[in-house]
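To start, the structure itself, in structure tokens.
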Amino acid sequence: MQIKVCGMRERENILALEREIAPDWMGLIFYPKSARFVNNAESLPKTNLPRVGVFVNESVAEILTKVDEYELSAIQLHGKESVEFVKALAQKTKKEIWKVISVKDTIDWDSLRGYLPFISKFLFDTATIAHGGSGNKFDWSVLESYPFDKGFLLSGGLDEASASEVLDLAGKVPQLEGVDLNSKFEVEPAFKNIEKLKSFKKRLLGQEEKPTTDN
């Protein structure tokens with residue numbers, strides 16, 4: 001089960017994330033209206049954490065510029081990017097492309113088929129005007145009818161207590177590859193609570209310490 005921690009920006013917090021959590025992915029948000037907006041590549045420390053750039057309705061040229069400037073390993077499209085746009089982007093880069101699907105109540109699976117040849121995975125998040133970071137969950141049961149072989153990540157309001165629910169869903173939908181963690185693990189926007197992340201990771205991976213009992 002992969003863990004992506006999104007909305008990172010602060011140097012020491014990033015170093016602690018790598019040292020204490022070592023997630024599979026670290027997300028950098030390039031949406032100017034976000035409270036977690038990143039706009040200074042020099043301020044970020046060098047780490048071994050694969051970087052995912054989060055974009056909202058951005059141009060192909062700007063995305064490719066950020067891929068080079070920030071040494072991104074994956075591109076997360078969090079806006080209303082069309083299949084044609086994603087195809088054009090895929091023709092310009094070999095980086096992974098993730099398409100975010102913002103969920104309200106239902107999902108029209110047929111509308112997503114066109115993306116399949118051009119993306120590495122979907123990411124399902126709660127629909128918000130702010131394009132993520134709401135701290136709210138959608139009804140995960142809509143994912144139980146997921147019809148594709150392509151893997152996906154789960155986002156939207158996950159907190160420390162969500163690990164068991166995530167594992168339950170993965171038991172029903174094996175295409176669930178991992179989770180995207182953000183606002184529920186923050187001290188403030190773009191600054192994560194490392195201890196909360198550590199607790200979640202232990203629960204997700206079944207490494208939580210069992211309480212001791214006196215003989």
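The chains in the structure tokens are called A, B, ... from first to last as shown; in each chain the residues are counted from 1, and the ligands are counted from 1 in the order shown.
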Per residue of segment 56-131 of chain A within 10 Å of segment 18-28 of chain A, record the nearest atom pair and its distance in Å to one decimal, counting only C-alpha atoms, with rows in chain order and ascending residue number, as CSV.
```
residue,atom,partner,partner_atom,distance
A:Tyr70,CA,A:Leu28,CA,9.1
A:Leu72,CA,A:Leu28,CA,9.1
A:Ser73,CA,A:Trp25,CA,9.0
A:Ala74,CA,A:Trp25,CA,9.1
A:Ile75,CA,A:Gly27,CA,9.5
A:Gln76,CA,A:Gly27,CA,8.8
```
Mind writing the picked residues with all heavy atoms as a compact mmCIF listing (two decimals), in the first residue's frame?
```txt
# COMPACT_ATOMS: atom_id res chain seq x y z
N TYR A 70 11.77 21.23 -10.93
CA TYR A 70 11.61 20.59 -9.62
C TYR A 70 11.94 19.10 -9.63
O TYR A 70 11.74 18.43 -8.64
CB TYR A 70 10.18 20.80 -9.11
CG TYR A 70 9.90 22.21 -8.66
CD1 TYR A 70 9.54 23.19 -9.56
CD2 TYR A 70 10.00 22.56 -7.31
CE1 TYR A 70 9.28 24.49 -9.14
CE2 TYR A 70 9.74 23.85 -6.88
CZ TYR A 70 9.37 24.81 -7.81
OH TYR A 70 9.13 26.10 -7.38
N LEU A 72 10.54 16.48 -11.10
CA LEU A 72 9.34 15.71 -10.77
C LEU A 72 9.40 14.30 -11.35
O LEU A 72 9.90 14.10 -12.46
CB LEU A 72 8.09 16.42 -11.28
CG LEU A 72 7.86 17.85 -10.79
CD1 LEU A 72 6.58 18.41 -11.41
CD2 LEU A 72 7.79 17.91 -9.27
N SER A 73 8.87 13.35 -10.60
CA SER A 73 8.77 11.97 -11.07
C SER A 73 7.39 11.66 -11.62
O SER A 73 7.22 10.70 -12.38
CB SER A 73 9.09 10.99 -9.93
OG SER A 73 10.40 11.15 -9.47
N ALA A 74 6.40 12.45 -11.22
CA ALA A 74 5.03 12.22 -11.66
C ALA A 74 4.29 13.55 -11.74
O ALA A 74 4.64 14.52 -11.05
CB ALA A 74 4.30 11.26 -10.73
N ILE A 75 3.26 13.57 -12.56
CA ILE A 75 2.43 14.75 -12.79
C ILE A 75 1.01 14.41 -12.38
O ILE A 75 0.42 13.46 -12.90
CB ILE A 75 2.46 15.14 -14.28
CG1 ILE A 75 3.88 15.49 -14.72
CG2 ILE A 75 1.49 16.28 -14.56
CD1 ILE A 75 4.06 15.49 -16.23
N GLN A 76 0.46 15.16 -11.44
CA GLN A 76 -0.92 14.94 -10.98
C GLN A 76 -1.80 16.06 -11.51
O GLN A 76 -1.59 17.23 -11.18
CB GLN A 76 -0.95 14.90 -9.45
CG GLN A 76 -2.34 14.67 -8.87
CD GLN A 76 -2.30 14.53 -7.36
OE1 GLN A 76 -1.42 13.86 -6.82
NE2 GLN A 76 -3.23 15.16 -6.67
```
Spatial neighbours of Glu96 of chain A, 12 Å, only C-alpha atoms, chain gap at least 6 places, as an NGL selection string: :A and (50-53 or 67 or 72-77 or 86 or 89-90 or 117-122)
Among listed residues A:Lys87, A:Lys33, A:Lys137, A:Lys196, nearest Glu165 of chain A (using only C-alpha atoms): A:Lys137
DSSP strand (DSSP E) residues within segment 17-66 of chain A, listed as a ChimeraX atom specification: /A:25-29,51-55
Residues of segment 160-215 of chain A at most 12 Å from segment 36-49 of chain A: nearest atom pair and distance in Å, only C-alpha atoms, as JSON lines:
```
{"residue": "A:Asn182", "atom": "CA", "partner": "A:Arg36", "partner_atom": "CA", "distance": 10.1}
{"residue": "A:Ser183", "atom": "CA", "partner": "A:Arg36", "partner_atom": "CA", "distance": 10.0}
{"residue": "A:Glu186", "atom": "CA", "partner": "A:Arg36", "partner_atom": "CA", "distance": 10.9}
{"residue": "A:Glu188", "atom": "CA", "partner": "A:Arg36", "partner_atom": "CA", "distance": 9.5}
{"residue": "A:Pro189", "atom": "CA", "partner": "A:Arg36", "partner_atom": "CA", "distance": 5.8}
{"residue": "A:Ala190", "atom": "CA", "partner": "A:Arg36", "partner_atom": "CA", "distance": 5.0}
{"residue": "A:Phe191", "atom": "CA", "partner": "A:Arg36", "partner_atom": "CA", "distance": 8.8}
{"residue": "A:Lys192", "atom": "CA", "partner": "A:Arg36", "partner_atom": "CA", "distance": 11.2}
```
Keeping only N, CA and C atoms, take the residues you just selected and write them out as an mmCIF file, in the first residue's frame.
```
data_model
loop_
_atom_site.group_PDB
_atom_site.id
_atom_site.type_symbol
_atom_site.label_atom_id
_atom_site.label_comp_id
_atom_site.auth_asym_id
_atom_site.auth_seq_id
_atom_site.Cartn_x
_atom_site.Cartn_y
_atom_site.Cartn_z
ATOM 1 N N ASN A 182 -3.103 14.567 3.382
ATOM 2 C CA ASN A 182 -2.832 16.000 3.345
ATOM 3 C C ASN A 182 -3.374 16.705 4.581
ATOM 4 N N SER A 183 -4.527 17.357 4.461
ATOM 5 C CA SER A 183 -4.946 18.346 5.449
ATOM 6 C C SER A 183 -5.162 17.812 6.858
ATOM 7 N N GLU A 186 -2.024 17.964 9.174
ATOM 8 C CA GLU A 186 -1.295 19.225 9.192
ATOM 9 C C GLU A 186 -1.391 19.955 10.529
ATOM 10 N N GLU A 188 -0.432 23.208 10.232
ATOM 11 C CA GLU A 188 -0.910 24.362 9.472
ATOM 12 C C GLU A 188 -0.676 24.042 8.009
ATOM 13 N N PRO A 189 -1.280 24.778 7.077
ATOM 14 C CA PRO A 189 -1.092 24.447 5.662
ATOM 15 C C PRO A 189 0.380 24.328 5.268
ATOM 16 N N ALA A 190 0.709 23.197 4.640
ATOM 17 C CA ALA A 190 2.056 22.884 4.137
ATOM 18 C C ALA A 190 3.036 22.470 5.234
ATOM 19 N N PHE A 191 2.545 22.254 6.460
ATOM 20 C CA PHE A 191 3.417 21.779 7.533
ATOM 21 C C PHE A 191 2.757 20.588 8.211
ATOM 22 N N LYS A 192 3.343 19.382 8.038
ATOM 23 C CA LYS A 192 2.714 18.148 8.489
ATOM 24 C C LYS A 192 3.130 17.758 9.914
#
```
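Considering the residues A:Asp108, A:Phe55, A:Ala16, A:Glu10 and counting only C-alpha atoms, Tyr31 of chain A has its shortest atom-to-atom contact with A:Phe55.
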Backbone-only DSSP, helix (DSSP H, G or I) members of segment 24-202 of chain A, as a VMD selection string: chain A and resid 41 to 43 60 to 69 83 to 90 109 to 115 140 to 145 160 to 172 183 to 185 194 to 202
Test item: residues at most 9 Å from segment 139-153 of chain A, only C-alpha atoms, excluding those fewer than 4 positions along its chain, as an MDAnalysis selection string: chainID A and resid 2:4 98 103:107 109 113 116 119:126 169 172:180
Pairwise distance for atom CA of Ala161 of chain A and atom CA of Arg203 of chain A, rounded to one decimal in Å: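 These two atoms are separated by 8.5 Å.
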Computed interatomic separation between atom CA of Thr93 of chain A and atom CA of Thr128 of chain A (Å):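 Going from atom CA of Thr93 of chain A over to atom CA of Thr128 of chain A covers 28.6 Å.
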All residues 12 Å or closer to Leu205 of chain A, only C-alpha atoms, same chain fewer than 5 positions away omitted, as a count of residues only: 11
